[in-house]
Each structure stands twice: as structure tokens, then as C-alpha cells.
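Visitor: My structure is below; once you've seen it, I'll send some questions.
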Amino acid sequence: MLALVVAHLFVSLVLPGPAGRHTRLAFGAAALPPAAALGWVLAHSRAVLSGAGPVEVVNWAGTLGLGFAFRLDALALVMTLLVSGIGVLVLLYAGWYFERGSGDARRSAPLLLAFAGVMLGLVLADDLLTLYVFWELTTICSFLLVGQSGVTRESRRSSLQALLVTALGGLVMLLGFIVLGEAGGSYRISELAENPPTGAPLSVAAGLILAGALTKSAQLPFHNWLPAAMVAPTPISTYLHAASMVKAGVFLIARLTPVLAGVDFLPGVTAVFGIATMLVAGWRALRENDLKLLLAYGTVSQLGFMTVLAGSESYTGSLAVATMLLAHGTFKATLFLATGIVDHQAGTRDIRELSGVGGRLPWVTTVSVMAAMSMAGLPPMVGFVAKETAFETFLGGGAEAAVEVGLVLGSMLTVAYSARMLWGAFAVKPGVRRNEVDPTPAALWIPTAVTALGCLALGVGYPLTDALTSAYAERIAGHEGEYHLGLWHGFTPPLVFSVLTLLGGLTLFALNTRLNRKRELLPVGMSAQRGYERVMGSLERVAVGVTGRIQVGSLPTYLAIILLTVLVVPGAVLLFRDTPVENLRWWDRALQLPLAVVILIAAAGVAGARKRMTAVLLVGVVGYGIGGMFVLGGGPDLALTQFLVETLTLVAFVLVLRRLPARFTETESSRWVRVPKALLSVGGGVFVGFASLIFSSARDTASEVSVQYLEHAEEGTSATNVVNAIIVDFRAFDTVGEISVLAVTATGVASLVLTARSSRRRRHARSRRDIAATSPGTSSGEQGSEVS
Amino acid sequence: MTEHEHREESGGPTSTESWFRSDAPAERWLLSGYSRDSRERTILLELVVRVLFPTVIVFSLYLLFAGHSRSGGGFSGGLVAGQAFVLRYLAGGRLDDSSTFSMRPPVLIGVGLTIAVLMGFLPVLFGGLVLESGTFAFTAPLLGKIKLASNLLLDVGVYLLIIGVVLDLLRTLGSGVEADIAASGEERR
């Protein structure tokens with residue numbers, strides 16, 4: 001399974017080259033890995049449905065317990081069908097949607113494929129940390145996909161919003177994962193599901209994880225990033241909505257319900273958030289005039305619906321959410337792809353400008369009607385089957401009845417905006433000029449037709465769908481065979497609700513124009529988007545304020561703060577704890593004595609130096625002296641490094657000194673500044689002196705670790721130099737970390753210097769321009785000389 | 001301002017070309033051929049450094065390879081190699097284009113880091129753990145028995161990264177500051 005994921009990522013790494021010239025070929029090639037994944041999953045489907053799916057664990061840092069764990073179970077099967085199946089179709093569609101050789105195509109082909117790859121990794125993951133890694137990778141992929149080339153301000157803002165909201169949610173979720181993993185003693189989801197932790201840690205983990213899931217699946221009040229992300233090209237929106245990213249939140253809840261079964265607030269929280277989202281977003285969808293925005297709010301609304309079902313922790317609810325995942329994937333993909341065709345061929349997707357497209361694009365209209373029927377929950381589509389099951393879930397009294405009412409109301413809105421979408425895209429509207437529509441290339445509508453057929457096939461072939469989804473629902477033990485998907489269950493309450501939903505929805509649609517006029521009169525209430533903007537704005541203000549107060553830009557102040565901290569925190573411990581200095585010897589070798597004298601003289605010289613160069617050279621003497629101490633102490637490696645670093649520091653100092661005044665500033669500061677400064681520096685020096693005495697005397701014999709290193713260096717790493725063995729072998733992980741820090745620091749310092757210089761240059765240039773502007777004689781003279 | 005433009009301003013072989021051609025160095029590696037801005041050239045120093053340079057580099061490579069069994073290692077090796085470049089710069093100045101490395105310092109840093117990290121993941125391909133190392137011993141003609149540990153590659157990464165850091169230092173604080181001084185000097189005139 002890891003191989004499949006890696007294949008996706010590998011192909012996407014290779015793609016950018018060819019994608020520039022052979023757009024269609026590149027998208028065709030990009031469709032191959034998802035197709036392979038689809039084939040592989042289908043080949044294993046029989047085993048998965050009987051509960052024996054393949055498991056794969058790749059340990060990459062076994063001692064830390066880190067590894068990639070993948071498991072193909074019933075839920076993963078359902079999700080993979082969506083992720084890979086729709087992935088293939090979207091990629092084929094995108095090959096014709098994007099202009100040949102355009103920058104968008106060049107960027108989107110590898111990114112979409114990478115997105116499909118990380119989604120595949122996400123749904124197959126059986127390890128919380130693996131899941132988290134792929135979760136954040138989807139965030140990054142969507143950031144890049146929504147942002148596109150980042151030319152327009154809107155795309156930058158939207159992609160940043162998507163990134164911030166989902167990444168912050170993801171971080172909170174990571175906390176939850178860690179709580180869960182530590183409390184349960186394992187990070188494997190399958191093991192946690194068998195042995196879930198209990199008590200307070202579980203509740204805390206559930207709350208944190210829910211925050212991640214709700215932000216990712218765009219639940220209230222975080223719903224706004226999703227409609228904002230509509231600035232992306234249509235194939236990308238399709239994939240984002242139908243098969244990937246946003247479903248990840250619902251998927252996560254569905255994935256973890258076996259683990260979180262003991263949390264009593266889970267169904268309540270998901271129900272409240274889900275229904276609120278379903279209603280608010282459905283209501284918004286009725287007002288939007290942009291087809292994509294309408295569908296986007298539709299997605300948000302449907303995600304609310306699925307969240308309610310996923311959190312329900314019942315057999316029927318699980319059946320409903322798995323079916324709904326399939327249903328939503330197929331119908332939303334169809335509708336988005338169809339909208340893309342309308343947009344592509346008619347040149348607009350504004351409801352107010354579209355008229356008579358239906359007659360020009362009969363095939364697209366047909367498949368859209370099929371998909372919209374599924375969305376509205378009409379038989380014989382899979383949407384109907386899923387909705388019936390959902391209504392069946394909450395037939396009890398009390399709170400369940402409230403949830404049921406919410407679902408029925410939300411579904412009415414769904415019917416209404418489904419009708420509005422069809423009417424808006426395809427109907428002939430009086431008073432609107434009919435659009436010129438080019439005929440559709442087959443490659444664009446065939447993928448659309450395939451997903452639409454999926455809506456129908458999954459509905460008519462409900463026994464097959466039932467087999468697929470009940471395998472997931474059966475993890476709720478003791479309810480097998482209680483309810484099966486079907487198109488006809490007799491005259492049952494769900495059927496009544498379905499009829500009610502349809503009638504209510506159509507009435508809403510009929511009244512919508514009048515409602516919209518009324519709505520404009522209503523005061524604009526709370527807007528999540530404005531809330532987000534306000535939060536971002538105040539965050540920036542706070543950051544500016546804090547930086548302004550802390551970063552005062554005075555080196556003495558910074559140094560004083562550092563020294564004070566050192567004196568107060570470890571210094572206090574040194575004072576109050578009994579730390580004897582044992583076995584104090586004045587020297588080990590006679591040569592150390594003159595060396596120490598030299599170092600001391602140089603150090604005293606630094607303190608008294610008036611010229612910068614003198615001070616630097618004397619610091620160098622101190623450094624080399626310490627290096628000499630290392631030589632005498634028998635540490636050639638340490639001495640070598642000390643000498644080299646000292647030399648380099650000296651060179652760097654000398655290079656910098658060229659820009660600095662030769663002498664230290666001579667301004668006499670007042671006694672109030674000078675005395676504390678002196679006290680602080682003397683205190684710091686005394687502290688360091690004593691601390692090093694104590695530290696070195698505390699280590700009288702070799703520590704256990706050193707003995708181990710010495711013993712194992714030769715046989716373990718074949719190194720006779722223990723220092724090197726430690727650096728590149730025993731603690732190689734540290735080395736990699738350290739050189740990363742070094743790389744970042746070096747690049748950072750270089751950029752700072754270069755930036756400062758370029759801004760100085762610009763200032764110079766500006767001042768020269770100003771001089772030229774104030775004295776017109778010279779400037780005209782210059783021009784004259786240029787001409788001649 | 002690129003190095004190239006600068007060379008022309010500061011008296012390249014343009015107007016008085018015949019004068020320069022008579023004693024222009026034929027061996028590029030021996031002398032840089034262009035005088036530093038307006039300062040005295042220290043020809044002896046330049047020459048010595050040029051002769052010394054390969055030796056120092058070889059010494060740094062020795063440190064890199066010897067690190068496993070004697071003093072040395074990627075860090076000190078890289079520092080020594082970096083200081084060879086520092087010497088070149090001190091002798092030739094920023095206009096001596098033979099002292100510039102053909103790879104830009106940030107790229108070098110990146111290459112070093114990449115090698116080190118990839119090296120860490122290499123053992124996973126062979127079924128090992130991250131950062132696990134193996135030893136290969138073989139006998140080569142003339143050289144005798146040679147023992148190579150795979151974690152030498154990690155050291156190579158460190159080595160390249162350190163050279164990159166030193167070159168970055170020279171680029172920003174060395175030739176950068178020098179170019180600045182030159183630029184502001186022009187303005188004052």
C-alpha cells in the first residue's frame with residue numbers, strides 16, 4: 001500500500017517536465033497511478049468485505065515506535081473507491097479542461113496527482129501519526145491547488161485561509177492523537193479500536209480530535225474557507241469537494257468512532273454542529289448566483305448531514321454515512337464537472353446570465369438531472385437510499401426527534417437548492433439572452449456521465465451497495481441484519497419524511513425568488529467570513545504591538561535580559577543547592593599554567609580595549625588559548641574544531657569590522673547605567689566560572705553512556721574515533737538536526753545582510769534621484785550628455 | 001551590480017589593452033589578472049595562496065576521510081576547505097573570480113543537507129532503520145585494505161554544508177561589504 005502511495009508521489013514528481021508541453025498526455029499519465037490503486041483495491045475487495053483486508057507496516061524508526069501502518073478495511077475500501085475512482089475521472093477531464101501548455105495545467109497535473117496520493121495514504125492509514133502526516137499533506141496540497149499561481153489577491157487570500165483554518169485544526173487534532181495514543185498505549189487505530197482507553201483522557205482526546213475534524217470538513221463556524229476556495233479551477237474544486245479534503249473530516253469521525261465509542265458527548269456535539277451547518281449552508285446556497293458557490297454551500301450543508309450521521313454511533317447511522325459518502329462523491333462530482341462544462345462552453349457560471357443552455361447541451365443536462373435527483377434524494381438514485389437510511393436512524397423520541405426534524409428541514413433545503421441549481425444552469429429564463437454554447441468534447445462529458453451513472457447504479461444496485469457499506473457498519477456489534485439498504489421498505493416513516501422533504505423543498509424553490517427579495521431587507525447578521533477577517537486583523541495588530549515592545553533593537557538590552565535570566569534561574573540553584581567541589585586540583589600539567597596566564601591577560605585586555613580590532617584580536621587569543629587547553633587535556637578533535645572555528649570567527653569579525661567605526665563609542669553614559677552594567681557582567685562571569693568548576697568536578701568518572709560509547713564504537717560502527725562515531729552514528733539524528741539548524745541560520749543571516757544591503761542601495765538611489773529632482777539644471781544637463 | 005560590470009569600471013582591459021596584454025598572466029590559475037579596486041596588490045601572497053590552495057583542499061579531504069578512525073570528520077574538514085576559500089578571498093579580493101565557487105552557496109548548503117538526510121533514509125531501502133550504518137571492507141591495489149562506513153556519506157553532507165556556510169559568509173560579509181564600500185565611494189566622488 002505504501003508502494004501505491006509512493007507511486008503517486010513519484011509520478012507527480014516526474015510530471016512537471018512533460019506537463020508543460022503535452023498537457024493531455026501528462027494528465028493521462030497522471031491518471032494511471034489512481035487507476036492502478038483502484039484496480040488493486042477492487043482485486044482485494046472480496047477479502048476486505050469478509051473482514052480480512054491486507055495490512056502493511058513499515059517501521060522506519062523502530063526504536064522510537066515510528067512506522068507507517070496501512071490497513072484496507074471496509075471504510076478504507078469505500079473511501080478508496082471515491083478517492084481513486086473520482087481521481088481518475090477528474091484527471092482525464094482536467095486534460096481537456098485546461099488549455100494546452102498553460103501554466104495552470106503544468107501546475108495542476110502533478111499537484112492533483114499528489115493530492116490523490118496523499119488522500120489514498122490518508123484513507124488507508126492505520127496509525128494515528130501516519131494519518132496525521134497525510135492529513136497535513138492534504139492541507140498543503142489544497143493550499144497549493146487553491147492558490148494556483150498566486151497572481152490574484154483573492155486566490156492568495158483564499159488559499160491562506162484554507163491553510164490556516166485546516167492546519168490549526170490539524171494541530172489541535174495532533175494533540176488529541178497524542179493524548180489518545182499515550183492513554184491507549186498504542187498509536188495503531190485497529191489496536192485502539194479493540195482496546196479503547198477510558199475516562200478523562202478519552203474525552204479530552206475526543207474533543208481535540210473533533211476540532212480537527214470539524215475544521216477540515218468545514219463545519220460551522222469554520223465553514224467559510226470552503227466557499228472561499230472556489231477560486232480554484234473547476235476540476236480542482238471537484239476533487240476537493242467530491243472525493244478528498246473536505247470528506248477527510250467526516251472520514252476521520254467515521255474512522256475513530258469505534259475508538260471514541262465511550263465518549264458520551266460525541267453524538268450530541270456532532271448533531272448540533274452538523275445540523276446547524278446543514279441548515280445555515282443550505283439557506284446560503286439558495287441565495288448564491290454563482291453555480292460553483294451554490295454547489296460549494298451545498299457541499300458544506302451535506303457535510304453537516306454526514307457529520308451528524310458519522311457521530312451517531314449506531315448501526316443504521318454508520319450504514320447511512322458510508323452510503324452517503326458514496327452518494328455525495330458521485331453526485332457532487334457530476335454536478336461540479338457539469339458546471340465546469342457549462343462554464344467552459346458558455347463562458348459564464350452566473351445564474352443570472354445563463355439561459356437555454358439545457359437545449360444546447362442535452363447530454364450534460366441529462367446527467368446533471370440524474371445527479372441532482374440523487375442530491376435531492378429521489379428514487380431510484382443512491383441519494384434516496386442513503387437519505388432513507390438516515391431518516392431511519394433517528395426514529396426514537398426526545399433528542400432523536402429533534403435531530404430528525406433538523407435533518408428533514410435540512411433536506412428540504414437540499415431539494416430546493418438542487419432544483420435551483422438545475423434551473424439556474426439549464427433552464428430558459430425569460431428576459432435573459434440565450435447563451436452561445438459550443439458543443440462539448442466527448443472527453444469532457446464522458447467522465448461526467450460515468451459519475452452520473454454511478455449515482456444510478458449504486459441506487460438500483462442497492463444489494464451491492466449494501467454489501468459494501470454494511471461491512472463498515474458491522475463494526476457496531478450486535479445489530480447485523482437489522483436494516484438493509486433498499487429502494488422500498490413499505491409505507492414507513494422515512495418514506496413519509498422523504499415525501500415531506502420533496503414537497504417542502506419544491507415549495508421553497510418556488511418561493512425562493514420572493515424570499516430572496518425579502519432577505520435583502522433583513523439586516524446582515526453575523527458573518528463567519530467577517531469574523532475570520534477580524535480575527536486575522538487583530539492578530540496582526542497584537543503581533544506588531546508585542547514585537548514593538550519586546551524587540552527594542554538594543555543589543556545591550558538583549559544581552560542584559562539573557563544574563564539576568566542566566567543569573568536568576570541556574571544561578572539561584574547554584575546558590576541554594578549544596579554543590580560541593582570535590583577533588584579540586586589546580587593543574588594537571590605544568591604547561592597549563594602559562595597558558596592560563598596568557599588567557600587571563602588577554603581576557604583582561606578585552607575588557608579594557610578601546611579599539612574594536614584590538615578587542616577582536618584579544619578574543620581570538622582567548623579562543624586559541626582554550627584550544628591549547630584542549631590539546632593539553634588530550635582532546636585533539638575538540639582542539640582542531642576550536643582552532644578552526646576560532647579562525648573563522650576572527651575572519652568574519654575582521655570582515656564585518658570594515659563597516660564599523662574603529663573605536664567603541666566613547667559617549668560617557670550616566671552612573672545609573674554603568675554600574676548595573678558592570679555588576680551584571682561581573683555576576684555573569686563569576687557564575688560561569690563557578691558553574692564550570694562544579695560541572696567539571698561532578699563528572700569525575702566516565703559516565704555510563706560514555707563507557708557504552710567507548711565499548712561499542714569499534715564493533716558497532718567500526719570507528720576507532722569515538723567522537724566521530726558519536727557524531728555520525730550514535731547520535732546521527734542530532735547531527736542531522738544540528739546541520740539543519742546551521743543551514744537555516746546561515747541562510748537567514750545571509751538573507752538579512754543581503755536585504756539590508758539592497759534596501760541601503762535603494763535609499764542611496766532614491767536620495768540621488770531627489771538631488772537630481774531638486775536641481776533641474778543638473779538633471780537636464782545629465783540628460784543632455786546622455787543624448788549626446 | 002554584477003561582478004562583470006564592475007570589472008569594466010575598475011580598469012579592465014579596455015582602453016589600455018596593449019599595456020595589459022604584455023604581462024597578462026597566461027596561466028589563469030596562477031594569477032587573477034585584474035587588480036583590486038585601488039589598493040596595492042600583494043602578489044606574493046596571491047601566488048602563495050594559489051599554490052597552497054590545492055594542498056589545503058587535499059588536507060581537508062584527508063580530514064573528511066580520516067575522521068572515522070583519527071581526528072577529523074566532516075565538520076573540521078569542511079571548515080578547513082572553507083578556510084582555503086577564505087585565504088583565496090583575502091589574497092585576491094572579490095574581483096578575483098577564480099576564488100568564487102561555481103556553485104552558489106545556498107545551493108551547496110542545500111546539497112549538503114539533502115545528502116545527509118537522504119543518507120539517513122537510505123538504509124530503509126535495504127530493510128534497515130533510519131540512520132543505521134553498514135561497513136564495507138575491501139582490498140584495493142596499491143592502497144591495501146580499505147574500510148568504508150556508509151555513514152561517511154553523512155559526513156560528506158556535513159562537509160559540503162559547512163563549505164556552503166563559509167562561502168555564504170564570504171559572499172555576504174566579504175565581497176558584499178566590499179562592493180558596498182565601492183558603491184558608496186563612487187557616490188561620494
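By convention here, the chains of the C-alpha cells are called A, B, ... in the order presented, each chain's residues are numbered starting at 1, and ligands are numbered starting at 1 in the order presented.
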With only C-alpha atoms counted and 9 Å as the cut-off, give the residues of chain A in contact with chain B, each with its shortest interatomic distance in Å and the pair that gives it, as JSON lines.
Guide:
```
{"residue": "A:Asn59", "atom": "CA", "partner": "B:Leu129", "partner_atom": "CA", "distance": 7.5}
{"residue": "A:Trp60", "atom": "CA", "partner": "B:Leu129", "partner_atom": "CA", "distance": 5.4}
{"residue": "A:Ala61", "atom": "CA", "partner": "B:Leu129", "partner_atom": "CA", "distance": 5.7}
{"residue": "A:Gly62", "atom": "CA", "partner": "B:Leu129", "partner_atom": "CA", "distance": 6.9}
{"residue": "A:Thr63", "atom": "CA", "partner": "B:Leu129", "partner_atom": "CA", "distance": 8.8}
{"residue": "A:Pro636", "atom": "CA", "partner": "B:Ser71", "partner_atom": "CA", "distance": 6.4}
{"residue": "A:Asp637", "atom": "CA", "partner": "B:Ser71", "partner_atom": "CA", "distance": 5.1}
{"residue": "A:Leu638", "atom": "CA", "partner": "B:Ser71", "partner_atom": "CA", "distance": 8.9}
{"residue": "A:Leu640", "atom": "CA", "partner": "B:Ser76", "partner_atom": "CA", "distance": 7.1}
{"residue": "A:Thr641", "atom": "CA", "partner": "B:Ser76", "partner_atom": "CA", "distance": 5.7}
{"residue": "A:Leu644", "atom": "CA", "partner": "B:Leu79", "partner_atom": "CA", "distance": 6.4}
{"residue": "A:Val645", "atom": "CA", "partner": "B:Leu79", "partner_atom": "CA", "distance": 7.4}
{"residue": "A:Thr647", "atom": "CA", "partner": "B:Gln83", "partner_atom": "CA", "distance": 8.4}
{"residue": "A:Leu648", "atom": "CA", "partner": "B:Gln83", "partner_atom": "CA", "distance": 7.1}
{"residue": "A:Val651", "atom": "CA", "partner": "B:Val86", "partner_atom": "CA", "distance": 8.0}
{"residue": "A:Ala652", "atom": "CA", "partner": "B:Leu173", "partner_atom": "CA", "distance": 7.3}
{"residue": "A:Leu655", "atom": "CA", "partner": "B:Gly174", "partner_atom": "CA", "distance": 5.7}
{"residue": "A:Val656", "atom": "CA", "partner": "B:Leu173", "partner_atom": "CA", "distance": 6.2}
{"residue": "A:Arg658", "atom": "CA", "partner": "B:Val177", "partner_atom": "CA", "distance": 7.8}
{"residue": "A:Arg659", "atom": "CA", "partner": "B:Val177", "partner_atom": "CA", "distance": 7.4}
{"residue": "A:Gly716", "atom": "CA", "partner": "B:Ser133", "partner_atom": "CA", "distance": 8.9}
{"residue": "A:Thr717", "atom": "CA", "partner": "B:Ser133", "partner_atom": "CA", "distance": 7.1}
{"residue": "A:Ser718", "atom": "CA", "partner": "B:Thr135", "partner_atom": "CA", "distance": 7.1}
{"residue": "A:Ala719", "atom": "CA", "partner": "B:His68", "partner_atom": "CA", "distance": 5.2}
{"residue": "A:Thr720", "atom": "CA", "partner": "B:Ser69", "partner_atom": "CA", "distance": 4.3}
{"residue": "A:Asn721", "atom": "CA", "partner": "B:Ser69", "partner_atom": "CA", "distance": 4.5}
{"residue": "A:Val722", "atom": "CA", "partner": "B:Ser69", "partner_atom": "CA", "distance": 8.1}
{"residue": "A:Val723", "atom": "CA", "partner": "B:Ser71", "partner_atom": "CA", "distance": 8.5}
{"residue": "A:Asn724", "atom": "CA", "partner": "B:His68", "partner_atom": "CA", "distance": 5.8}
{"residue": "A:Ala725", "atom": "CA", "partner": "B:His68", "partner_atom": "CA", "distance": 6.9}
{"residue": "A:Ile727", "atom": "CA", "partner": "B:Asp155", "partner_atom": "CA", "distance": 8.9}
{"residue": "A:Val728", "atom": "CA", "partner": "B:Asn151", "partner_atom": "CA", "distance": 6.2}
{"residue": "A:Asp729", "atom": "CA", "partner": "B:Asn151", "partner_atom": "CA", "distance": 6.9}
{"residue": "A:Ala732", "atom": "CA", "partner": "B:Leu131", "partner_atom": "CA", "distance": 6.7}
{"residue": "A:Phe733", "atom": "CA", "partner": "B:Leu131", "partner_atom": "CA", "distance": 7.2}
{"residue": "A:Thr735", "atom": "CA", "partner": "B:Val158", "partner_atom": "CA", "distance": 8.6}
{"residue": "A:Val736", "atom": "CA", "partner": "B:Ala116", "partner_atom": "CA", "distance": 6.8}
{"residue": "A:Ile739", "atom": "CA", "partner": "B:Val158", "partner_atom": "CA", "distance": 6.9}
{"residue": "A:Ser740", "atom": "CA", "partner": "B:Leu113", "partner_atom": "CA", "distance": 6.8}
{"residue": "A:Leu742", "atom": "CA", "partner": "B:Val165", "partner_atom": "CA", "distance": 8.1}
{"residue": "A:Ala743", "atom": "CA", "partner": "B:Ile109", "partner_atom": "CA", "distance": 6.3}
{"residue": "A:Ala746", "atom": "CA", "partner": "B:Val165", "partner_atom": "CA", "distance": 5.9}
{"residue": "A:Thr747", "atom": "CA", "partner": "B:Pro106", "partner_atom": "CA", "distance": 6.8}
{"residue": "A:Val749", "atom": "CA", "partner": "B:Leu169", "partner_atom": "CA", "distance": 8.7}
{"residue": "A:Ala750", "atom": "CA", "partner": "B:Thr172", "partner_atom": "CA", "distance": 5.9}
{"residue": "A:Ser751", "atom": "CA", "partner": "B:Thr172", "partner_atom": "CA", "distance": 8.5}
{"residue": "A:Val753", "atom": "CA", "partner": "B:Thr172", "partner_atom": "CA", "distance": 6.4}
{"residue": "A:Leu754", "atom": "CA", "partner": "B:Thr172", "partner_atom": "CA", "distance": 6.6}
{"residue": "A:Arg757", "atom": "CA", "partner": "B:Asp180", "partner_atom": "CA", "distance": 7.6}
{"residue": "A:Arg761", "atom": "CA", "partner": "B:Asp180", "partner_atom": "CA", "distance": 8.4}
{"residue": "A:His764", "atom": "CA", "partner": "B:Ser184", "partner_atom": "CA", "distance": 8.4}
{"residue": "A:Arg768", "atom": "CA", "partner": "B:Glu187", "partner_atom": "CA", "distance": 8.7}
```
Visitor: Taking the backbone alone, and naming residues the way the document does, which bits of segment 30-186 of chain B are helix (DSSP H, G or I) by DSSP, as a VMD selection string?
Guide: chain B and resid 43 to 66 74 to 92 97 to 99 105 to 125 152 to 186
Visitor: Give me, as a PDB file with C-alpha atoms, in the first residue's frame, all polymer residues having an atom no more than 9 Å from segment 254-268 of chain A, counting only C-alpha atoms and skipping those fewer than 6 positions away in the same chain.
Guide:
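Final output, part10.pdb:
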```
ATOM      1  CA  LEU A  75     -14.317   2.102   5.367  1.00  0.00           C
ATOM      2  CA  ALA A  76     -10.994   2.455   3.567  1.00  0.00           C
ATOM      3  CA  VAL A 123      -7.745   6.707   3.974  1.00  0.00           C
ATOM      4  CA  ILE A 189      -6.045   2.632  15.149  1.00  0.00           C
ATOM      5  CA  SER A 190      -7.005  -1.031  14.863  1.00  0.00           C
ATOM      6  CA  LEU A 192      -7.060   1.222  19.842  1.00  0.00           C
ATOM      7  CA  ALA A 193     -10.425   0.160  18.459  1.00  0.00           C
ATOM      8  CA  GLU A 194     -10.104  -3.201  20.184  1.00  0.00           C
ATOM      9  CA  ASN A 195      -8.833  -1.717  23.430  1.00  0.00           C
ATOM     10  CA  PRO A 196     -10.076   1.834  23.655  1.00  0.00           C
ATOM     11  CA  PRO A 197      -8.834   3.938  26.575  1.00  0.00           C
ATOM     12  CA  THR A 198     -11.411   5.194  29.025  1.00  0.00           C
ATOM     13  CA  GLY A 199     -12.073   8.108  31.305  1.00  0.00           C
ATOM     14  CA  LEU A 202     -10.529   9.792  26.122  1.00  0.00           C
ATOM     15  CA  SER A 203     -12.933  12.717  26.482  1.00  0.00           C
ATOM     16  CA  ALA A 205      -8.781  13.436  23.054  1.00  0.00           C
ATOM     17  CA  ALA A 206     -12.239  13.233  21.532  1.00  0.00           C
ATOM     18  CA  GLY A 207     -12.791  16.959  21.968  1.00  0.00           C
ATOM     19  CA  LEU A 210     -13.371  16.683  16.837  1.00  0.00           C
ATOM     20  CA  THR A 307     -21.210  14.671  10.335  1.00  0.00           C
ATOM     21  CA  VAL A 308     -24.485  14.056  12.129  1.00  0.00           C
ATOM     22  CA  LEU A 309     -24.596  10.523  10.753  1.00  0.00           C
ATOM     23  CA  ALA A 310     -20.927   9.780  11.400  1.00  0.00           C
ATOM     24  CA  GLY A 311     -21.201  10.752  15.037  1.00  0.00           C
ATOM     25  CA  SER A 312     -24.397   8.838  15.659  1.00  0.00           C
ATOM     26  CA  GLU A 313     -22.601   5.658  16.799  1.00  0.00           C
ATOM     27  CA  SER A 318     -22.928   4.026  10.097  1.00  0.00           C
ATOM     28  CA  VAL A 321     -22.827   7.654   6.442  1.00  0.00           C
ATOM     29  CA  ALA A 322     -20.959   5.119   4.320  1.00  0.00           C
ATOM     30  CA  ALA A 399     -33.382  14.360  21.325  1.00  0.00           C
ATOM     31  CA  ARG A 475     -18.132  -2.783  13.474  1.00  0.00           C
ATOM     32  CA  ILE A 476     -21.070  -1.747  15.687  1.00  0.00           C
TER      33      ILE A 476
END
```
Visitor: Excluding segment 326-334 of chain A and any residue of its chain fewer than 6 positions from it, enumerate the residues within 7 Å of it, using only C-alpha atoms, and give them as a count of residues only.
Guide: 16
Visitor: Can you pull out the residues contacting Gln302 of chain A? Cut-off 12 Å, using only C-alpha atoms, and skip same-chain residues under 3 positions away; I want them as a ChimeraX atom specification.
Guide: /A:217-219,223,241-242,246-247,250,274-282,285,295-299,305-309,321,324-325,327-329,331-332,375-377,383,386-387,407,410-411,413-415,417-418
Visitor: Nearest to Val58 of chain A among A:Asp126, A:Glu482, A:Glu136, A:Asp588, with distances taken over only C-alpha atoms: which residue is it?
Guide: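 Comparing A:Asp126, A:Glu482, A:Glu136, A:Asp588 against Val58 of chain A, the winner is A:Asp126.
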